[in-house]
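Asks: I am attaching a structure below and will ask some questions about it afterwards.
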Amino acid sequence: MEIRQLHAFVVLAESLSFREAAQKLFITQPALTKQIKALEQSLGAPLFTRGRHGAQLSSFGQQLYEKARGLVVQAQEFKQFAQDSARQIKGNLAIGYGLSGIKLVPQLTAQFKKRYDSISIKLVDMTSSKQTEALLENQLQIGFLRQPVHSGLECRTLLTENLVLLVNPRFYPSTEINAQNYVQQLNKLPFIQIATGFCAGFSHLSHQIEKFLQANSLSPKVIQYVEDMQTMLALVSTGMGVGIFQGSAVHIAPADVDIIPLSGEHASWSMGMCWNAKFANPVRDIFINMVMEQQKSIVIANS
């Protein structure tokens with residue numbers, strides 16, 4: 001038995017119309033019928049008799065109506081009390097994120113602030129390695145970072161990040177370069193590459209790109225090394241060459257740069273929400289629970 005089933009029973013008992021009750025509950029009539037049948041099966045007897053003129057309470061339903069209504073009211077009062085109490089929760093959260101979370105983390109933070117506006121949140125743009133250090137020292141309470149993670153951290157996988165090919169189709173037509181034939185084309189094109197060893201923030205990414213190129217037996221002609229994403233995007237935009245970066249670049253790429261997803265060995269990795277369970281923090285746990293509630297929709301939110 002669920003509160004929503006009792007709520008459906010009460011609303012239907014008061015309207016005696018499946019159509020009207022479904023509208024009040026913001027569900028379809030078949031969904032309402034399913035809830036009522038499930039409740040009747042759980043209780044062991046029919047709650048309504050159905051006829052040409054709608055629904056009528058059975059004698060069994062009449063006996064249960066007042067008690068059910070009282071439970072529904074209590075549940076609503078409890079929910080309101082809990083929400084009011086939650087709004088009074090105070091505290092601070094420091095949340096780290098990198099490029100992979102550039103869209104997702106602000107969205108989650110905004111949703112959390114709507115529920116708990118008295119909680120102060122600090123967002124910090126950090127590499128995965130710096131986030132790990134900060135989480136271990138409790139300088140961050142939550143991090144959104146690349147997996148695998150340090151054994152001292154708890155982690156919940158949220159997203160799969162992919163390598164992508166960055167191309168300006170004005171100079172390199174996308175009809176010639178696409179996800180099916182990039183292997184054949186990439187060795188023939190001028191290549192802009194993240195400088196391995198020069199940019200600590202992108203060390204993981206540069207190694208990922210190297211592994212991908214090796215796995216696909218690719219040796220593109222590097223015409224320029226860059227140390228940051230903005231420079232790569234700018235050079236690709238001018239037509240100097242093509243480059244490989246992580247898919248999150250789509251959120252800040254110029255309009256004239258095409259993002260072509262790559263696939264195969266070493267083309268993807270996981271990003272997760274991580275925390276240090278060694279340090280107790282009820283505010284952090286509330287944020288984690290909210291994210292876990294929404295986990296099924298997170299991939300959509302980041303696409």
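Letters A, B, ... mark the chains of the structure tokens in the order given; residue numbers begin at 1 per chain; ligand numbers begin at 1, in order shown.
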Check region 77-299 of chain A with DSSP on the backbone and list each residue it calls strand (DSSP E or B), as a PyMOL selection string.
Replies: chain A and resi 91-97+119-125+142-146+154-167+190-194+221-226+242-246+258-261+268-275
Asks: Enumerate, in order of chain and increasing residue number, the residues of region 84-152 of chain A with an atom no farther than 10 Å from region 157-163 of chain A, each with its shortest atom pair and distance in Å to one decimal, counting only C-alpha atoms, as CSV.
Replies:
```
residue,atom,partner,partner_atom,distance
A:Ser100,CA,A:Glu161,CA,7.0
A:Gly101,CA,A:Leu159,CA,9.2
A:Leu104,CA,A:Leu159,CA,9.8
A:Phe144,CA,A:Leu158,CA,9.0
A:Leu145,CA,A:Thr157,CA,9.5
A:Arg146,CA,A:Glu161,CA,9.0
A:Gln147,CA,A:Thr157,CA,8.1
A:Pro148,CA,A:Thr157,CA,9.7
```
Asks: Which residues, written as a PyMOL selection string, have at least one atom at most 9 Å from Val105 (chain A), with only C-alpha atoms counted and residues fewer than 2 positions away on the same chain left out?
Replies: chain A and resi 95-97+101-103+107-110+123+144
Asks: Please produce an output containing N, CA and C atoms for each residue in the selection, written as a PDB file, in the first residue's frame.
Replies:
```
ATOM      1  N   ILE A  95      32.026  22.417  -3.663  1.00  0.00           N
ATOM      2  CA  ILE A  95      31.866  21.397  -4.696  1.00  0.00           C
ATOM      3  C   ILE A  95      32.872  21.655  -5.814  1.00  0.00           C
ATOM      4  N   GLY A  96      33.643  20.630  -6.143  1.00  0.00           N
ATOM      5  CA  GLY A  96      34.600  20.751  -7.222  1.00  0.00           C
ATOM      6  C   GLY A  96      34.078  20.121  -8.506  1.00  0.00           C
ATOM      7  N   TYR A  97      34.505  20.651  -9.631  1.00  0.00           N
ATOM      8  CA  TYR A  97      34.101  20.094 -10.920  1.00  0.00           C
ATOM      9  C   TYR A  97      35.094  20.530 -11.994  1.00  0.00           C
ATOM     10  N   GLY A 101      31.761  18.456 -15.978  1.00  0.00           N
ATOM     11  CA  GLY A 101      30.597  18.867 -15.191  1.00  0.00           C
ATOM     12  C   GLY A 101      30.174  20.293 -15.416  1.00  0.00           C
ATOM     13  N   ILE A 102      30.667  20.913 -16.499  1.00  0.00           N
ATOM     14  CA  ILE A 102      30.448  22.338 -16.701  1.00  0.00           C
ATOM     15  C   ILE A 102      28.974  22.701 -16.868  1.00  0.00           C
ATOM     16  N   LYS A 103      28.180  21.774 -17.360  1.00  0.00           N
ATOM     17  CA  LYS A 103      26.747  22.016 -17.492  1.00  0.00           C
ATOM     18  C   LYS A 103      25.959  21.374 -16.362  1.00  0.00           C
ATOM     19  N   GLN A 107      23.533  23.020 -12.894  1.00  0.00           N
ATOM     20  CA  GLN A 107      22.123  22.635 -12.890  1.00  0.00           C
ATOM     21  C   GLN A 107      21.734  22.007 -11.556  1.00  0.00           C
ATOM     22  N   LEU A 108      22.550  21.075 -11.078  1.00  0.00           N
ATOM     23  CA  LEU A 108      22.262  20.414  -9.807  1.00  0.00           C
ATOM     24  C   LEU A 108      22.311  21.407  -8.651  1.00  0.00           C
ATOM     25  N   THR A 109      23.261  22.326  -8.709  1.00  0.00           N
ATOM     26  CA  THR A 109      23.385  23.332  -7.652  1.00  0.00           C
ATOM     27  C   THR A 109      22.154  24.231  -7.609  1.00  0.00           C
ATOM     28  N   ALA A 110      21.672  24.631  -8.773  1.00  0.00           N
ATOM     29  CA  ALA A 110      20.479  25.483  -8.827  1.00  0.00           C
ATOM     30  C   ALA A 110      19.261  24.760  -8.260  1.00  0.00           C
ATOM     31  N   LEU A 123      31.335  26.741  -5.695  1.00  0.00           N
ATOM     32  CA  LEU A 123      31.738  25.899  -6.824  1.00  0.00           C
ATOM     33  C   LEU A 123      33.172  26.239  -7.203  1.00  0.00           C
ATOM     34  N   PHE A 144      33.151  16.256  -8.636  1.00  0.00           N
ATOM     35  CA  PHE A 144      32.679  15.602  -9.861  1.00  0.00           C
ATOM     36  C   PHE A 144      33.921  15.390 -10.719  1.00  0.00           C
TER      37      PHE A 144
END
```
Asks: Give me the residues within 7 Å of Leu93 (chain A) as a PyMOL selection string, counting only C-alpha atoms and dropping any in the same chain fewer than 5 places off.
Replies: chain A and resi 120-122+141+284
Asks: Store the residues picked out above, limited to C-alpha atoms, as a compact mmCIF listing (two decimals), in the first residue's frame.
Replies:
```
# COMPACT_ATOMS: atom_id res chain seq x y z
CA SER A 120 25.84 28.34 0.99
CA ILE A 121 27.51 26.57 -1.95
CA LYS A 122 30.95 27.30 -3.37
CA GLN A 141 32.78 18.03 0.36
CA ARG A 284 26.62 16.96 1.87
```
Asks: One decimal, Å: what's the distance from CA of Pro261 (chain A) over to CA of Ala195 (chain A), could you say?
Replies: 21.2 Å
Asks: Name all residues at most 6 Å from region 256-258 of chain A (count only C-alpha atoms; drop same-chain ones fewer than 5 positions away) and give them as a list of chain:residue names.
Replies: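 Answer for this query is A:Leu166, A:Val167, A:Asn168, A:Ser237.
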Asks: Quick one: everything within 10 Å of His207 (chain A), counting only C-alpha atoms, minus sequence neighbours fewer than 3 positions away in the same chain. Send it as a list in words.
Replies: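 The filter keeps Ile194, Ala195, Thr196, Gly197, Phe202, Ser203, His204, Glu210, Lys211, Phe212, Leu213 and His266 of chain A.
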Asks: So which one's closest to Gly247 (chain A), A:Tyr116, A:Trp269, A:Phe26, A:Tyr182? Using only C-alpha atoms, please.
Replies: A:Trp269
Asks: Would you mind telling me which residue in A:Cys155, A:Leu99, A:Leu12, A:Val222 lies nearest to Leu57 (chain A) when using only C-alpha atoms?
Replies: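 Nearest to Leu57 (chain A): A:Leu12.
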Asks: Calculated over only C-alpha atoms, which of the candidates A:Leu165, A:Leu235, A:Val72, A:Ala280 has the smallest distance to Val250 (chain A)?
Replies: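 Distance minimum relative to Val250 (chain A) lands on A:Leu165.
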Asks: Given only C-alpha atoms as the basis, pick out the residue of A:Thr127, A:Gln56, A:Gln74, A:Gln80 nearest to Ile3 (chain A).
Replies: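 So, comparing all the options, the nearest one is A:Gln74.
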Asks: Would you please give, as a CSV table (one decimal) with N, CA and C atoms, in the first residue's frame, all residues of region 92-227 of chain A that DSSP assigns to alpha helix (DSSP H) based on the backbone?
Replies:
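Everything below was put into result_32.csv:
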```csv
chain,number,residue,atom,x,y,z
A,104,LEU,N,26.3,20.1,-16.0
A,104,LEU,CA,25.6,19.4,-15.0
A,104,LEU,C,25.7,20.0,-13.6
A,105,VAL,N,26.8,20.3,-13.2
A,105,VAL,CA,27.0,20.8,-11.8
A,105,VAL,C,26.3,22.1,-11.5
A,106,PRO,N,26.3,23.1,-12.3
A,106,PRO,CA,25.5,24.3,-12.1
A,106,PRO,C,24.0,24.0,-12.0
A,107,GLN,N,23.5,23.0,-12.9
A,107,GLN,CA,22.1,22.6,-12.9
A,107,GLN,C,21.7,22.0,-11.6
A,108,LEU,N,22.6,21.1,-11.1
A,108,LEU,CA,22.3,20.4,-9.8
A,108,LEU,C,22.3,21.4,-8.7
A,109,THR,N,23.3,22.3,-8.7
A,109,THR,CA,23.4,23.3,-7.7
A,109,THR,C,22.2,24.2,-7.6
A,110,ALA,N,21.7,24.6,-8.8
A,110,ALA,CA,20.5,25.5,-8.8
A,110,ALA,C,19.3,24.8,-8.3
A,111,GLN,N,19.1,23.5,-8.6
A,111,GLN,CA,18.0,22.7,-8.1
A,111,GLN,C,18.1,22.6,-6.5
A,112,PHE,N,19.3,22.4,-6.1
A,112,PHE,CA,19.5,22.2,-4.6
A,112,PHE,C,19.2,23.5,-3.9
A,113,LYS,N,19.6,24.6,-4.5
A,113,LYS,CA,19.4,25.9,-3.8
A,113,LYS,C,17.9,26.3,-3.8
A,114,LYS,N,17.1,25.8,-4.7
A,114,LYS,CA,15.7,26.0,-4.7
A,114,LYS,C,15.0,25.3,-3.5
A,115,ARG,N,15.6,24.2,-3.1
A,115,ARG,CA,15.1,23.4,-2.0
A,115,ARG,C,15.6,23.9,-0.7
A,128,SER,N,40.7,16.8,-11.8
A,128,SER,CA,40.4,15.6,-11.0
A,128,SER,C,41.4,15.3,-9.9
A,129,SER,N,42.7,15.5,-10.3
A,129,SER,CA,43.7,15.2,-9.3
A,129,SER,C,43.6,16.2,-8.1
A,130,LYS,N,43.4,17.5,-8.4
A,130,LYS,CA,43.3,18.5,-7.4
A,130,LYS,C,42.0,18.3,-6.5
A,131,GLN,N,40.9,17.9,-7.2
A,131,GLN,CA,39.7,17.5,-6.4
A,131,GLN,C,40.0,16.4,-5.5
A,132,THR,N,40.7,15.4,-5.9
A,132,THR,CA,41.0,14.2,-5.1
A,132,THR,C,41.7,14.7,-3.8
A,133,GLU,N,42.8,15.5,-4.0
A,133,GLU,CA,43.5,16.0,-2.8
A,133,GLU,C,42.6,16.8,-1.9
A,134,ALA,N,41.8,17.6,-2.4
A,134,ALA,CA,40.9,18.5,-1.6
A,134,ALA,C,39.8,17.6,-0.9
A,135,LEU,N,39.3,16.6,-1.5
A,135,LEU,CA,38.3,15.7,-0.9
A,135,LEU,C,39.0,14.9,0.3
A,136,LEU,N,40.2,14.5,0.1
A,136,LEU,CA,40.9,13.7,1.1
A,136,LEU,C,41.2,14.6,2.3
A,182,TYR,N,37.0,8.8,-40.0
A,182,TYR,CA,38.0,9.7,-39.4
A,182,TYR,C,39.3,8.9,-39.3
A,183,VAL,N,39.3,7.6,-39.1
A,183,VAL,CA,40.6,6.9,-39.1
A,183,VAL,C,41.4,7.0,-40.4
A,184,GLN,N,40.7,7.0,-41.5
A,184,GLN,CA,41.3,7.1,-42.8
A,184,GLN,C,41.8,8.5,-43.0
A,185,GLN,N,41.0,9.5,-42.5
A,185,GLN,CA,41.3,10.9,-42.8
A,185,GLN,C,42.3,11.6,-41.9
A,186,LEU,N,42.3,11.1,-40.6
A,186,LEU,CA,43.1,11.9,-39.6
A,186,LEU,C,44.6,12.0,-39.9
A,203,SER,N,46.4,16.7,-18.2
A,203,SER,CA,47.3,15.5,-18.4
A,203,SER,C,46.5,14.2,-18.6
A,204,HIS,N,45.4,14.0,-17.9
A,204,HIS,CA,44.6,12.8,-18.1
A,204,HIS,C,44.1,12.8,-19.5
A,205,LEU,N,43.6,13.9,-20.0
A,205,LEU,CA,43.0,14.0,-21.3
A,205,LEU,C,44.1,13.7,-22.4
A,206,SER,N,45.3,14.3,-22.3
A,206,SER,CA,46.3,14.1,-23.3
A,206,SER,C,46.7,12.7,-23.3
A,207,HIS,N,46.8,12.0,-22.2
A,207,HIS,CA,47.1,10.6,-22.2
A,207,HIS,C,46.0,9.7,-22.8
A,208,GLN,N,44.8,10.2,-22.6
A,208,GLN,CA,43.6,9.5,-23.2
A,208,GLN,C,43.7,9.6,-24.7
A,209,ILE,N,44.0,10.8,-25.2
A,209,ILE,CA,44.1,11.0,-26.6
A,209,ILE,C,45.3,10.1,-27.2
A,210,GLU,N,46.4,10.1,-26.5
A,210,GLU,CA,47.5,9.3,-27.0
A,210,GLU,C,47.2,7.8,-27.1
A,211,LYS,N,46.5,7.3,-26.1
A,211,LYS,CA,46.1,5.9,-26.1
A,211,LYS,C,45.1,5.6,-27.2
A,212,PHE,N,44.2,6.6,-27.5
A,212,PHE,CA,43.2,6.4,-28.6
A,212,PHE,C,43.9,6.4,-29.9
A,213,LEU,N,44.9,7.3,-30.1
A,213,LEU,CA,45.6,7.3,-31.4
A,213,LEU,C,46.4,6.0,-31.6
A,214,GLN,N,47.0,5.6,-30.5
A,214,GLN,CA,47.8,4.3,-30.6
A,214,GLN,C,46.9,3.1,-30.9
A,215,ALA,N,45.8,3.1,-30.3
A,215,ALA,CA,44.8,1.9,-30.5
A,215,ALA,C,44.3,1.9,-31.9
```
Asks: Choose the residue, out of A:Gly143, A:Gly61, A:Gly98, A:Gly272, that has the smallest atom-to-atom separation from Glu14 (chain A); count only C-alpha atoms.
Replies: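 Under the stated criterion, the closest residue is A:Gly61.
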